[in-house]
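Working notes, beginning with the structure itself.
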Amino acid sequence: MKHSSTQPDTVPVRQDIPVAEVDPAQGLNREQVSARQKGGWANLPVKSPTKTEKEIVRGHVFTFFNLIFFVLAAALVAVGAYKDATFLLIAIANTVIGIFQELRSKRTIDKLKLLSSPRGVVVREGEEMSVPTDHMVRDDIAVFSAGDQISADAVVRSGTVQVNEALITGEADPLEKKPGDALRSGSFIVSGSCRAQLTRVGADCYAARLTLEAKKDVKTGQSEMMASLSRLIRFIGIALIPMGAILFWKQYFVLELGLRQAVTATVAALIGMIPEGLYLLTSVALAVSMIRLAQKKTLAQDMNCIETLARVDVLCVDKTGTITEPGMTVRELVPLDEERYSIEAVEQAVSALYHTLGADNDTGRAMLERFDADPGWSPSAVIPFTSANKYSAAVFPGHGAIVAGAPEFVMGPWYQELKEMVEPYSAKGYRVLLIAGYDGVPDGKSPLDGRKVRPMALALLANPIRPEAPETFAFFAAQGVAVKVISGDNPLTVAEVARKAGVENAELWVDAATLRSDQDIYAAAGKYTVFGRVTPGQKRKLVKALQKQGHTVAMTGDGVNDVLALKDADCGIAMASGAEAACHAAQLVLLNSNFACLPQVVAEGRRVINNIQRSASLFLVKNIFSFCLSLLTIFVDMPYPLVPIQLSLISALTIGFPSFVLALEPNKSRVSGKFMTNVLRDAFPGGLTNLIIILGIQAFAFAFAFPTQSLSTLSALCVAFVGLLVLYQVCKPFDLKRRVLWGGVAAALALGVTLPWAREFFSLSALTLQETLVLAVFLALSWPVMRSILTLFERSRRLVLGLKRKRSGRRRG
């Protein structure tokens, strides 16, 4: 059966197929499955995970600014200014490039999603088989175990599980589900295993109905950068129409420039205000970034996470599966009471316990591999492991209760009797399990009575540290990213593993069991590096505490105990080899489960956002200048000095081409501050320089009665020169590539303003000696004016930072 990761264009019309009474041991047969698939009862997703190709094309073609461009071009054609409408070619090229890159990104991501598409286990004709979740059908018997996310509404038919519904209800406490109880899609299994009959699939299931309801009222969230760009474009879009109308009225009726000149001047002003390539640049850069991440076997499930990665300054990591290899091994079984419990008796008890519990986590798999001889004991009660109680148990008639878990949780207040035996092993980096008998029946809900615990042995387990871990942590230390190791293991064990892996300040550890309140967690978040014995709820609170302290937090994990923290982190990063629920909750999935690729992932986020921010300042120089000049033109009797064809030349050479080259460069600096604040701070000096220089030229043109064509030529040459100065600032520090870029742009501009045919095409007239002298003066003034404005902005920035530090100091005092 061929699998497709996306929903088909046409969903079969549902046929009336009665709900079946299905034997959980046998499941459906092939005919029943086929009938339900053809009858419209398959578990198809509500919507394709990516846009369709039609949606992509429509989204790029039918935009507000494209409409404006076509209207303005039509106005120019109507008055015979054909060559001034060439900006429309640039708009069309932008649209085509945007469509091409997003389609390329979609196809890459779809292929990656196909490789990582969720699968589930179903029982059909008495056999368990793994199938894609969208191939499941209503009435299928699904097998759910720890770490699985429930893919469709179901009813438990056999077995018992602990289920967490926090992702759909917000309630973090696990719920026990027995035969006859309902399972909600979107929740995940914390412990245990069961067979459940699917009752609602596809759009009918609980999670799908929530999704559809949410989409009616809630728009998809945008990152800070995209939200800033959207606000800017919305502001420009609102301002364009009234300003265009007023400008045309001023040029045509007040200044009496004639219809063609008035239309040309108005169109030039409006085009100058539109950042026509900025949104395209951002979309293309993000699309290329998603492709690059995909090539590194990293699936970005949310484009916004690329910006978040660039801002990350705290990385929270789990020990198992992240710092260490995912698999565990049992190194030794240390007897505690050989007179009462021989090593053979202990091994038999451990084997019985784990053959009963099954291999539903790394510890279980390691214990089963080591103790593989099943004694055949039949349990009367089974208590699966949970992160809350830190132990698992089973009751065997004739043998009593056998318990395995964290020594301090199993023994409770009586742990001091074993502490001196346990901690030396923990300090060596071992995970220590206490194997014990219990004079009672554990319920898995309340702590064990340490007086009834009969210690039998300590099982020492180890995870080999990933060989690439030290180099990875060295990268984050060099990049100013603090690492927090958060684990459910003994803090001594975690601290030793972190030290061996090269985590800075690994000696600063705390036992999270001692953190009683949210205030304790908040204080510890800023003080400690290693957190041991952390519950899933505490992981979530630690992430939130770090966020409240002003940090941008990335969280890595691979287990069900990481799910809530992954969901709340600014960027959740899951290992594909881990629990299915963790992959669903994360924004990024490392498909090769290789922690060593995280530096490349973070570096990619920084590269794209830093470069977009730098390139965006090039676009806004023109927009700031044109907007301010247009406002002045409305209130002062002077013509708008530039024509569209000149702006097309300047924009293409000093903004469009360089911005796309610079947007794809390496850049590992951490992003800080607000996107639009940073961009405007870099763009305003160039925009204001243009404004001052053009106003000066306007004054000279008025004083010496320069013709309109000469005013336009002088203005275009000065704006082009200032564009080169801005590009010079943006290119610093220079390397060979940037020198070639800047030199190439300068040479192209020089050819554009000196070659006779080019001068004619771009409406540049020959200058008289007087006009040439005026040009030389203002070209010479351009750099000092820009330097003065840059100095003023820098001093203002330092003053603001100083005031903020003083206020912060007073608050701390």
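Chain labels run A, B, ... following the order of the structure tokens; each chain numbers its residues from 1, and ligands are numbered from 1 in the order shown.
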Report as a JSON list (two decimals) with all heavy atoms, in the first residue's frame all protein, DNA and RNA residues lying within 10 Å of Ala498 (chain A), evaluated on only C-alpha atoms, omitting residues in the same chain fewer than 3 positions from it.
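Saved file part_24.json follows:
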```
[["chain", "number", "residue", "atom", "x", "y", "z"],
["A", 319, "LYS", "N", 19.42, 14.69, 29.65],
["A", 319, "LYS", "CA", 20.64, 13.88, 29.65],
["A", 319, "LYS", "C", 20.52, 12.71, 28.68],
["A", 319, "LYS", "O", 21.29, 12.58, 27.73],
["A", 319, "LYS", "CB", 20.93, 13.36, 31.07],
["A", 319, "LYS", "CG", 22.14, 12.41, 31.14],
["A", 319, "LYS", "CD", 22.37, 11.92, 32.54],
["A", 319, "LYS", "CE", 21.38, 10.84, 32.93],
["A", 319, "LYS", "NZ", 21.63, 9.55, 32.22],
["A", 323, "ILE", "N", 22.61, 14.28, 25.59],
["A", 323, "ILE", "CA", 24.04, 14.26, 25.91],
["A", 323, "ILE", "C", 24.59, 12.85, 25.71],
["A", 323, "ILE", "O", 25.71, 12.66, 25.24],
["A", 323, "ILE", "CB", 24.28, 14.73, 27.37],
["A", 323, "ILE", "CG1", 23.79, 16.16, 27.56],
["A", 323, "ILE", "CG2", 25.75, 14.61, 27.72],
["A", 323, "ILE", "CD1", 23.94, 16.66, 28.97],
["A", 324, "THR", "N", 23.77, 11.89, 26.07],
["A", 324, "THR", "CA", 24.21, 10.49, 25.96],
["A", 324, "THR", "C", 23.53, 9.81, 24.78],
["A", 324, "THR", "O", 22.57, 10.33, 24.22],
["A", 324, "THR", "CB", 23.86, 9.72, 27.25],
["A", 324, "THR", "OG1", 22.44, 9.72, 27.42],
["A", 324, "THR", "CG2", 24.51, 10.37, 28.46],
["A", 429, "GLY", "N", 28.48, 8.67, 37.50],
["A", 429, "GLY", "CA", 27.67, 8.84, 36.30],
["A", 429, "GLY", "C", 26.73, 7.70, 36.03],
["A", 429, "GLY", "O", 26.08, 7.67, 34.98],
["A", 465, "ILE", "N", 28.32, 8.57, 26.65],
["A", 465, "ILE", "CA", 28.22, 9.97, 26.22],
["A", 465, "ILE", "C", 28.48, 10.04, 24.72],
["A", 465, "ILE", "O", 29.37, 9.37, 24.19],
["A", 465, "ILE", "CB", 29.23, 10.83, 26.98],
["A", 465, "ILE", "CG1", 28.83, 10.89, 28.47],
["A", 465, "ILE", "CG2", 29.30, 12.24, 26.41],
["A", 465, "ILE", "CD1", 29.83, 11.58, 29.36],
["A", 469, "ALA", "N", 29.54, 15.33, 21.84],
["A", 469, "ALA", "CA", 28.96, 16.24, 22.83],
["A", 469, "ALA", "C", 29.92, 17.34, 23.28],
["A", 469, "ALA", "O", 29.53, 18.52, 23.33],
["A", 469, "ALA", "CB", 28.43, 15.45, 24.01],
["A", 470, "PRO", "N", 31.18, 17.04, 23.66],
["A", 470, "PRO", "CA", 32.08, 18.12, 24.10],
["A", 470, "PRO", "C", 32.25, 19.24, 23.07],
["A", 470, "PRO", "O", 32.22, 20.42, 23.42],
["A", 470, "PRO", "CB", 33.40, 17.39, 24.36],
["A", 470, "PRO", "CG", 32.99, 15.98, 24.67],
["A", 470, "PRO", "CD", 31.82, 15.71, 23.79],
["A", 473, "PHE", "N", 28.99, 21.38, 22.95],
["A", 473, "PHE", "CA", 28.84, 22.30, 24.07],
["A", 473, "PHE", "C", 29.89, 23.42, 24.03],
["A", 473, "PHE", "O", 29.62, 24.54, 24.48],
["A", 473, "PHE", "CB", 28.91, 21.54, 25.40],
["A", 473, "PHE", "CG", 27.68, 20.71, 25.67],
["A", 473, "PHE", "CD1", 27.78, 19.35, 25.87],
["A", 473, "PHE", "CD2", 26.42, 21.29, 25.69],
["A", 473, "PHE", "CE1", 26.66, 18.57, 26.09],
["A", 473, "PHE", "CE2", 25.29, 20.53, 25.92],
["A", 473, "PHE", "CZ", 25.40, 19.17, 26.12],
["A", 484, "LYS", "N", 21.54, 24.43, 30.13],
["A", 484, "LYS", "CA", 20.94, 23.91, 31.36],
["A", 484, "LYS", "C", 20.61, 22.43, 31.12],
["A", 484, "LYS", "O", 19.92, 22.10, 30.15],
["A", 484, "LYS", "CB", 19.65, 24.65, 31.72],
["A", 484, "LYS", "CG", 19.81, 26.17, 31.84],
["A", 484, "LYS", "CD", 20.50, 26.57, 33.11],
["A", 484, "LYS", "CE", 20.55, 28.10, 33.27],
["A", 484, "LYS", "NZ", 21.22, 28.53, 34.51],
["A", 485, "VAL", "N", 21.12, 21.56, 31.97],
["A", 485, "VAL", "CA", 20.85, 20.13, 31.84],
["A", 485, "VAL", "C", 19.72, 19.79, 32.81],
["A", 485, "VAL", "O", 19.85, 19.96, 34.03],
["A", 485, "VAL", "CB", 22.10, 19.29, 32.14],
["A", 485, "VAL", "CG1", 21.81, 17.81, 31.91],
["A", 485, "VAL", "CG2", 23.27, 19.74, 31.27],
["A", 492, "LEU", "N", 23.56, 13.97, 41.15],
["A", 492, "LEU", "CA", 24.99, 13.63, 41.11],
["A", 492, "LEU", "C", 25.35, 12.94, 39.81],
["A", 492, "LEU", "O", 26.37, 13.22, 39.18],
["A", 492, "LEU", "CB", 25.34, 12.73, 42.30],
["A", 492, "LEU", "CG", 25.56, 13.40, 43.65],
["A", 492, "LEU", "CD1", 25.74, 12.35, 44.73],
["A", 492, "LEU", "CD2", 26.78, 14.32, 43.60],
["A", 493, "THR", "N", 24.48, 12.01, 39.38],
["A", 493, "THR", "CA", 24.70, 11.30, 38.12],
["A", 493, "THR", "C", 24.70, 12.26, 36.95],
["A", 493, "THR", "O", 25.59, 12.24, 36.08],
["A", 493, "THR", "CB", 23.60, 10.25, 37.91],
["A", 493, "THR", "OG1", 23.60, 9.34, 39.01],
["A", 493, "THR", "CG2", 23.81, 9.49, 36.62],
["A", 494, "VAL", "N", 23.71, 13.13, 36.92],
["A", 494, "VAL", "CA", 23.56, 14.07, 35.82],
["A", 494, "VAL", "C", 24.74, 15.04, 35.77],
["A", 494, "VAL", "O", 25.29, 15.35, 34.70],
["A", 494, "VAL", "CB", 22.23, 14.84, 35.92],
["A", 494, "VAL", "CG1", 22.06, 15.76, 34.71],
["A", 494, "VAL", "CG2", 21.05, 13.89, 36.03],
["A", 495, "ALA", "N", 25.16, 15.52, 36.95],
["A", 495, "ALA", "CA", 26.27, 16.48, 37.00],
["A", 495, "ALA", "C", 27.56, 15.85, 36.49],
["A", 495, "ALA", "O", 28.35, 16.49, 35.77],
["A", 495, "ALA", "CB", 26.46, 16.98, 38.44],
["A", 501, "ALA", "N", 30.80, 15.58, 29.53],
["A", 501, "ALA", "CA", 30.40, 16.05, 28.19],
["A", 501, "ALA", "C", 30.89, 17.46, 27.89],
["A", 501, "ALA", "O", 30.70, 17.94, 26.77],
["A", 501, "ALA", "CB", 28.88, 16.00, 28.07],
["A", 502, "GLY", "N", 31.50, 18.11, 28.88],
["A", 502, "GLY", "CA", 32.07, 19.44, 28.63],
["A", 502, "GLY", "C", 31.11, 20.59, 28.87],
["A", 502, "GLY", "O", 31.35, 21.71, 28.38],
["A", 503, "VAL", "N", 30.04, 20.38, 29.64],
["A", 503, "VAL", "CA", 29.11, 21.47, 29.96],
["A", 503, "VAL", "C", 29.75, 22.39, 30.99],
["A", 503, "VAL", "O", 30.21, 21.93, 32.05],
["A", 503, "VAL", "CB", 27.77, 20.92, 30.50],
["A", 503, "VAL", "CG1", 26.84, 22.06, 30.91],
["A", 503, "VAL", "CG2", 27.09, 20.05, 29.46],
["A", 504, "GLU", "N", 29.79, 23.68, 30.70],
["A", 504, "GLU", "CA", 30.38, 24.64, 31.64],
["A", 504, "GLU", "C", 29.55, 24.72, 32.91],
["A", 504, "GLU", "O", 28.32, 24.65, 32.88],
["A", 504, "GLU", "CB", 30.46, 26.03, 30.99],
["A", 504, "GLU", "CG", 31.58, 26.16, 29.97],
["A", 504, "GLU", "CD", 31.82, 27.61, 29.58],
["A", 504, "GLU", "OE1", 30.97, 28.47, 29.91],
["A", 504, "GLU", "OE2", 32.85, 27.89, 28.96],
["A", 505, "ASN", "N", 30.24, 24.85, 34.05],
["A", 505, "ASN", "CA", 29.60, 25.00, 35.37],
["A", 505, "ASN", "C", 28.74, 23.80, 35.73],
["A", 505, "ASN", "O", 27.71, 23.94, 36.42],
["A", 505, "ASN", "CB", 28.76, 26.28, 35.43],
["A", 505, "ASN", "CG", 29.56, 27.54, 35.12],
["A", 505, "ASN", "OD1", 30.68, 27.69, 35.63],
["A", 505, "ASN", "ND2", 29.03, 28.39, 34.28],
["A", 506, "ALA", "N", 29.15, 22.60, 35.28],
["A", 506, "ALA", "CA", 28.38, 21.40, 35.58],
["A", 506, "ALA", "C", 28.36, 21.08, 37.07],
["A", 506, "ALA", "O", 27.52, 20.32, 37.54],
["A", 506, "ALA", "CB", 28.93, 20.21, 34.80],
["A", 507, "GLU", "N", 29.31, 21.66, 37.82],
["A", 507, "GLU", "CA", 29.35, 21.41, 39.26],
["A", 507, "GLU", "C", 28.23, 22.15, 40.02],
["A", 507, "GLU", "O", 27.98, 21.87, 41.19],
["A", 507, "GLU", "CB", 30.72, 21.83, 39.83],
["A", 507, "GLU", "CG", 30.98, 23.33, 39.86],
["A", 507, "GLU", "CD", 31.42, 23.91, 38.51],
["A", 507, "GLU", "OE1", 31.50, 23.13, 37.54],
["A", 507, "GLU", "OE2", 31.66, 25.13, 38.45],
["A", 529, "THR", "N", 23.18, 25.02, 36.90],
["A", 529, "THR", "CA", 23.33, 24.52, 35.54],
["A", 529, "THR", "C", 22.68, 23.14, 35.38],
["A", 529, "THR", "O", 22.08, 22.85, 34.35],
["A", 529, "THR", "CB", 24.83, 24.42, 35.17],
["A", 529, "THR", "OG1", 25.39, 25.73, 35.22],
["A", 529, "THR", "CG2", 25.02, 23.85, 33.77],
["A", 530, "VAL", "N", 22.80, 22.30, 36.40],
["A", 530, "VAL", "CA", 22.30, 20.93, 36.34],
["A", 530, "VAL", "C", 21.14, 20.77, 37.31],
["A", 530, "VAL", "O", 21.24, 21.15, 38.48],
["A", 530, "VAL", "CB", 23.41, 19.92, 36.67],
["A", 530, "VAL", "CG1", 22.85, 18.51, 36.76],
["A", 530, "VAL", "CG2", 24.52, 19.98, 35.62]]
```
Please extract the residues of region 373-456 of chain A with a backbone DSSP assignment of alpha helix (DSSP H) and present them as a PyMOL selection string.
chain A and resi 407-411+416-427
Selection export as a PDB file, in the first residue's frame, atoms kept: N, CA and C atoms:
```pdb
ATOM      1  N   PRO A 407      16.321   5.026  44.239  1.00  0.00           N
ATOM      2  CA  PRO A 407      16.423   4.640  45.656  1.00  0.00           C
ATOM      3  C   PRO A 407      15.780   5.631  46.617  1.00  0.00           C
ATOM      4  N   GLU A 408      15.987   6.920  46.388  1.00  0.00           N
ATOM      5  CA  GLU A 408      15.452   7.905  47.333  1.00  0.00           C
ATOM      6  C   GLU A 408      13.935   7.978  47.288  1.00  0.00           C
ATOM      7  N   PHE A 409      13.327   7.613  46.147  1.00  0.00           N
ATOM      8  CA  PHE A 409      11.859   7.615  46.046  1.00  0.00           C
ATOM      9  C   PHE A 409      11.272   6.320  46.592  1.00  0.00           C
ATOM     10  N   VAL A 410      11.957   5.221  46.359  1.00  0.00           N
ATOM     11  CA  VAL A 410      11.472   3.935  46.869  1.00  0.00           C
ATOM     12  C   VAL A 410      11.578   3.889  48.396  1.00  0.00           C
ATOM     13  N   MET A 411      12.699   4.372  48.933  1.00  0.00           N
ATOM     14  CA  MET A 411      12.935   4.295  50.374  1.00  0.00           C
ATOM     15  C   MET A 411      12.296   5.444  51.147  1.00  0.00           C
ATOM     16  N   GLN A 416      18.415   7.296  53.906  1.00  0.00           N
ATOM     17  CA  GLN A 416      19.717   7.516  54.538  1.00  0.00           C
ATOM     18  C   GLN A 416      20.451   6.205  54.796  1.00  0.00           C
ATOM     19  N   GLU A 417      19.692   5.106  54.953  1.00  0.00           N
ATOM     20  CA  GLU A 417      20.316   3.810  55.210  1.00  0.00           C
ATOM     21  C   GLU A 417      21.126   3.317  54.002  1.00  0.00           C
ATOM     22  N   LEU A 418      20.753   3.782  52.802  1.00  0.00           N
ATOM     23  CA  LEU A 418      21.438   3.339  51.578  1.00  0.00           C
ATOM     24  C   LEU A 418      22.291   4.437  50.941  1.00  0.00           C
ATOM     25  N   LYS A 419      22.196   5.645  51.457  1.00  0.00           N
ATOM     26  CA  LYS A 419      22.816   6.800  50.787  1.00  0.00           C
ATOM     27  C   LYS A 419      24.309   6.602  50.545  1.00  0.00           C
ATOM     28  N   GLU A 420      25.016   6.112  51.563  1.00  0.00           N
ATOM     29  CA  GLU A 420      26.467   5.954  51.422  1.00  0.00           C
ATOM     30  C   GLU A 420      26.819   4.885  50.389  1.00  0.00           C
ATOM     31  N   MET A 421      25.914   3.948  50.161  1.00  0.00           N
ATOM     32  CA  MET A 421      26.139   2.915  49.156  1.00  0.00           C
ATOM     33  C   MET A 421      25.818   3.424  47.747  1.00  0.00           C
ATOM     34  N   VAL A 422      24.770   4.257  47.638  1.00  0.00           N
ATOM     35  CA  VAL A 422      24.271   4.687  46.331  1.00  0.00           C
ATOM     36  C   VAL A 422      25.099   5.815  45.726  1.00  0.00           C
ATOM     37  N   GLU A 423      25.416   6.824  46.529  1.00  0.00           N
ATOM     38  CA  GLU A 423      25.965   8.062  45.960  1.00  0.00           C
ATOM     39  C   GLU A 423      27.333   7.912  45.300  1.00  0.00           C
ATOM     40  N   PRO A 424      28.225   7.049  45.768  1.00  0.00           N
ATOM     41  CA  PRO A 424      29.480   6.881  45.026  1.00  0.00           C
ATOM     42  C   PRO A 424      29.251   6.415  43.579  1.00  0.00           C
ATOM     43  N   TYR A 425      28.245   5.548  43.384  1.00  0.00           N
ATOM     44  CA  TYR A 425      27.932   5.111  42.019  1.00  0.00           C
ATOM     45  C   TYR A 425      27.322   6.262  41.199  1.00  0.00           C
ATOM     46  N   SER A 426      26.433   7.032  41.846  1.00  0.00           N
ATOM     47  CA  SER A 426      25.831   8.189  41.151  1.00  0.00           C
ATOM     48  C   SER A 426      26.893   9.188  40.746  1.00  0.00           C
ATOM     49  N   ALA A 427      27.888   9.378  41.631  1.00  0.00           N
ATOM     50  CA  ALA A 427      28.954  10.343  41.347  1.00  0.00           C
ATOM     51  C   ALA A 427      29.827   9.905  40.180  1.00  0.00           C
TER      52      ALA A 427
END
```
Strand (DSSP E or B) call set, DSSP backbone run, region 386-503 of chain A, as a ChimeraX atom specification:
/A:391-396,400-405,431-438,453-462,465,482-486
Selected residue, from A:Ile99, A:Leu278, A:Ala142, A:Leu564, that lies nearest to Ser228 (chain A) when counting only C-alpha atoms
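Of the candidates, the smallest distance to Ser228 (chain A) is held by A:Leu278.
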Skip Ser34 (chain A) itself and residues of its chain fewer than 6 positions away, then list as a ChimeraX atom specification all residues within 12 Å of it, counting only C-alpha atoms.
/A:1,17,28,40-42,124,135-138,140
Find the residues around Gly557 (chain A) up to 7 Å (only C-alpha atoms counted), leave out those fewer than 6 positions away in its own chain, and share them as a count of residues only.
6
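Shortest separation to Leu333 (chain A) among A:Tyr430, A:Phe253, A:Phe385, A:Trp757 occurs at residue A:Tyr430, atoms counted being only C-alpha atoms.
Separating CA of His60 (chain A) from CA of Gln587 (chain A) is a distance of 25.3 Å.
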With only C-alpha atoms as the counted atoms, please give the residues lying no more than 7 Å from region 462-464 of chain A, apart from itself and same-chain residues fewer than 4 positions off, as an NGL selection string.
:A and (324-325 or 327-331 or 430-431)
So how far away is CA of Ala269 (chain A) from CA of Glu760 (chain A), in Å?
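CA of Ala269 (chain A) lies 21.0 Å from CA of Glu760 (chain A).
Excluding region 790-796 of chain A and any residue on its chain fewer than 6 positions from it, the residues at most 9 Å away by only C-alpha atoms are Arg681, Asp682, Phe684, Pro685 and Gly686 of chain A.
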Could you write out the selected residues, including all heavy atoms, as an mmCIF file, in the first residue's frame?
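Listing of part18.cif after writing:
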```cif
data_model
loop_
_atom_site.group_PDB
_atom_site.id
_atom_site.type_symbol
_atom_site.label_atom_id
_atom_site.label_comp_id
_atom_site.auth_asym_id
_atom_site.auth_seq_id
_atom_site.Cartn_x
_atom_site.Cartn_y
_atom_site.Cartn_z
ATOM 1 N N ARG A 681 16.963 51.776 12.871
ATOM 2 C CA ARG A 681 18.160 52.458 13.364
ATOM 3 C C ARG A 681 19.262 52.461 12.307
ATOM 4 O O ARG A 681 19.998 53.438 12.150
ATOM 5 C CB ARG A 681 18.654 51.777 14.643
ATOM 6 C CG ARG A 681 19.819 52.512 15.309
ATOM 7 C CD ARG A 681 20.287 51.823 16.566
ATOM 8 N NE ARG A 681 20.818 50.502 16.279
ATOM 9 C CZ ARG A 681 20.361 49.381 16.832
ATOM 10 N NH1 ARG A 681 19.359 49.413 17.674
ATOM 11 N NH2 ARG A 681 20.895 48.215 16.515
ATOM 12 N N ASP A 682 19.370 51.343 11.562
ATOM 13 C CA ASP A 682 20.390 51.275 10.513
ATOM 14 C C ASP A 682 19.982 52.017 9.242
ATOM 15 O O ASP A 682 20.848 52.480 8.493
ATOM 16 C CB ASP A 682 20.663 49.801 10.162
ATOM 17 C CG ASP A 682 21.341 49.052 11.299
ATOM 18 O OD1 ASP A 682 21.946 49.720 12.160
ATOM 19 O OD2 ASP A 682 21.238 47.810 11.340
ATOM 20 N N PHE A 684 17.704 54.774 8.994
ATOM 21 C CA PHE A 684 17.414 56.208 9.100
ATOM 22 C C PHE A 684 18.585 57.106 8.685
ATOM 23 O O PHE A 684 18.374 58.132 8.016
ATOM 24 C CB PHE A 684 16.955 56.564 10.517
ATOM 25 C CG PHE A 684 15.465 56.758 10.611
ATOM 26 C CD1 PHE A 684 14.666 55.823 11.235
ATOM 27 C CD2 PHE A 684 14.862 57.888 10.061
ATOM 28 C CE1 PHE A 684 13.299 55.979 11.309
ATOM 29 C CE2 PHE A 684 13.493 58.064 10.135
ATOM 30 C CZ PHE A 684 12.711 57.106 10.762
ATOM 31 N N PRO A 685 19.838 56.801 9.073
ATOM 32 C CA PRO A 685 20.937 57.687 8.634
ATOM 33 C C PRO A 685 20.996 57.853 7.116
ATOM 34 O O PRO A 685 21.157 58.970 6.611
ATOM 35 C CB PRO A 685 22.190 56.987 9.176
ATOM 36 C CG PRO A 685 21.701 56.266 10.385
ATOM 37 C CD PRO A 685 20.330 55.790 10.028
ATOM 38 N N GLY A 686 20.866 56.754 6.366
ATOM 39 C CA GLY A 686 20.892 56.854 4.899
ATOM 40 C C GLY A 686 19.690 57.596 4.371
ATOM 41 O O GLY A 686 19.809 58.437 3.460
#
```
With only C-alpha atoms as the atoms that count, which of A:Thr677, A:Met243, A:Asn594, A:Ala207 lies nearest to Arg797 (chain A)?
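Residue with the minimum atom-to-atom distance to Arg797 (chain A): A:Thr677.
In this model, the gap between CA of Ser710 (chain A) and CA of Ile68 (chain A) comes to 28.9 Å.
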Any idea what's packed within 8 Å of region 734-742 of chain A, counting only C-alpha atoms, ignoring anything in its chain fewer than 6 positions away? Could you give it as number ranges by chain?
A: 658, 724, 727-728
Restricting it to N, CA, C and O atoms, dump the selection as a compact mmCIF listing (two decimals), in the first residue's frame.
```txt
# COMPACT_ATOMS: atom_id res chain seq x y z
N PRO A 658 22.25 43.54 -4.21
CA PRO A 658 23.10 43.34 -3.03
C PRO A 658 22.37 42.65 -1.88
O PRO A 658 22.96 41.83 -1.17
N LEU A 724 25.29 53.95 -2.59
CA LEU A 724 26.60 53.30 -2.52
C LEU A 724 27.21 53.43 -1.12
O LEU A 724 27.84 52.50 -0.61
N LEU A 727 25.41 51.04 1.17
CA LEU A 727 25.88 49.68 0.89
C LEU A 727 27.27 49.47 1.47
O LEU A 727 27.58 48.38 1.98
N TYR A 728 28.10 50.50 1.46
CA TYR A 728 29.43 50.43 2.04
C TYR A 728 29.33 50.14 3.55
O TYR A 728 30.06 49.29 4.08
```
With distances taken over only C-alpha atoms, which residue among A:Ala285, A:Leu336, A:Ala381, A:Cys316 lies nearest Ser487 (chain A)?
A:Cys316
Nearest residue to Arg260 (chain A) out of A:Ala776, A:Ala747, A:Leu281, A:Val643, using only C-alpha atoms?
A:Val643
